[in-house]
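**Q** After the structure tokens below, expect a handful of questions from me.
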Amino acid sequence: MFEVEAGEEFASKFPKGKAAIHQNHGLFTVGTTVEAAAYWFITMERSCQAQLAAEAAGKPILIPHESASYTQQLTGFPESGWFQFQPLFQEICATDPELFE
């Protein structure tokens with residue numbers, strides 16, 4: 001049985017952000033649309049893979065905070081997540097049309 005209080009507590013952790021890594025359950029993402037949440041999830045998973053690969057190769061070189069903030073401002077808004085998911089959705093529709101019957 002799911003505990004409503006636990007869900008509410010977890011949701012309260014997303015007042016501004018859109019992604020979290022839960023120690024026992026992996027990645028969680030939220031968005032203003034399902035498409036945006038899916039894109040944030042895919043991006044987060046790829047970012048985690050890149051981070052692990054960078055750490056395996058040695059000590060990663062951090063990018064400046066200003067560069068990260070600039071990129072976030074250009075690509076981190078809700079409509080961007082929806083927009084970025086569209087090519088993937090088109091590919092899914094083309095390769096697996098039976099999913100939508």
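Residue numbering restarts at 1 in every chain; chains get A, B, ... in the order shown in the structure tokens, and ligands count up from 1 in that same order.
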Would you pick out the contacts of Pro78 in chain A at 9 Å or less, using only C-alpha atoms, so that residues sharing its chain but fewer than 6 positions from it are not included, and give the list as an NGL selection string?
**A** :A and (31-33 or 36-37)
**Q** Contacts of Gln84 in chain A at 12 Å or less, counting only C-alpha atoms, minus same-chain residues fewer than 6 places along, as a list of chain:residue names?
**A** A:Glu35, A:Ala36, A:Ala37, A:Ala38, A:Tyr39, A:Trp40, A:Phe41, A:Ile42, A:Thr43, A:Thr75, A:Gly76, A:Phe77, A:Pro78, A:Gln90
**Q** Using DSSP assignments from the backbone, pull out every residue in chain A that falls under alpha helix (DSSP H) and give it to me as a PyMOL selection string.
**A** chain A and resi 4-11+34-57+65-75+78-95
**Q** Run DSSP on the backbone of this structure and report the residues of range 1-72 of chain A it assigns to strand (DSSP E), as a VMD selection string.
**A** chain A and resid 19 to 22 26 to 29
**Q** Would you mind reading off the distance between CA of Ser47 in chain A and CA of Ala94 in chain A, one decimal, in Å?
**A**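 So the answer is 26.3 Å.
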**Q** For the atom pair CA of Lys59 in chain A and CA of Thr71 in chain A, what is the interatomic distance in Å to one decimal place?
**A**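 So the two atoms, CA of Lys59 in chain A and CA of Thr71 in chain A, lie 22.5 Å apart.
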**Q** Leaving out range 8-13 of chain A and any residue of its chain fewer than 4 positions from it, which residues lie within 12 Å of it when counting only C-alpha atoms, given as an MDAnalysis selection string?
**A** chainID A and resid 2:4 17:22 28:30
**Q** One decimal, in Å: what's the spacing between CA of Leu52 in chain A and CA of Gln23 in chain A?
**A**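 According to the coordinates, CA of Leu52 in chain A and CA of Gln23 in chain A are separated by 15.8 Å.
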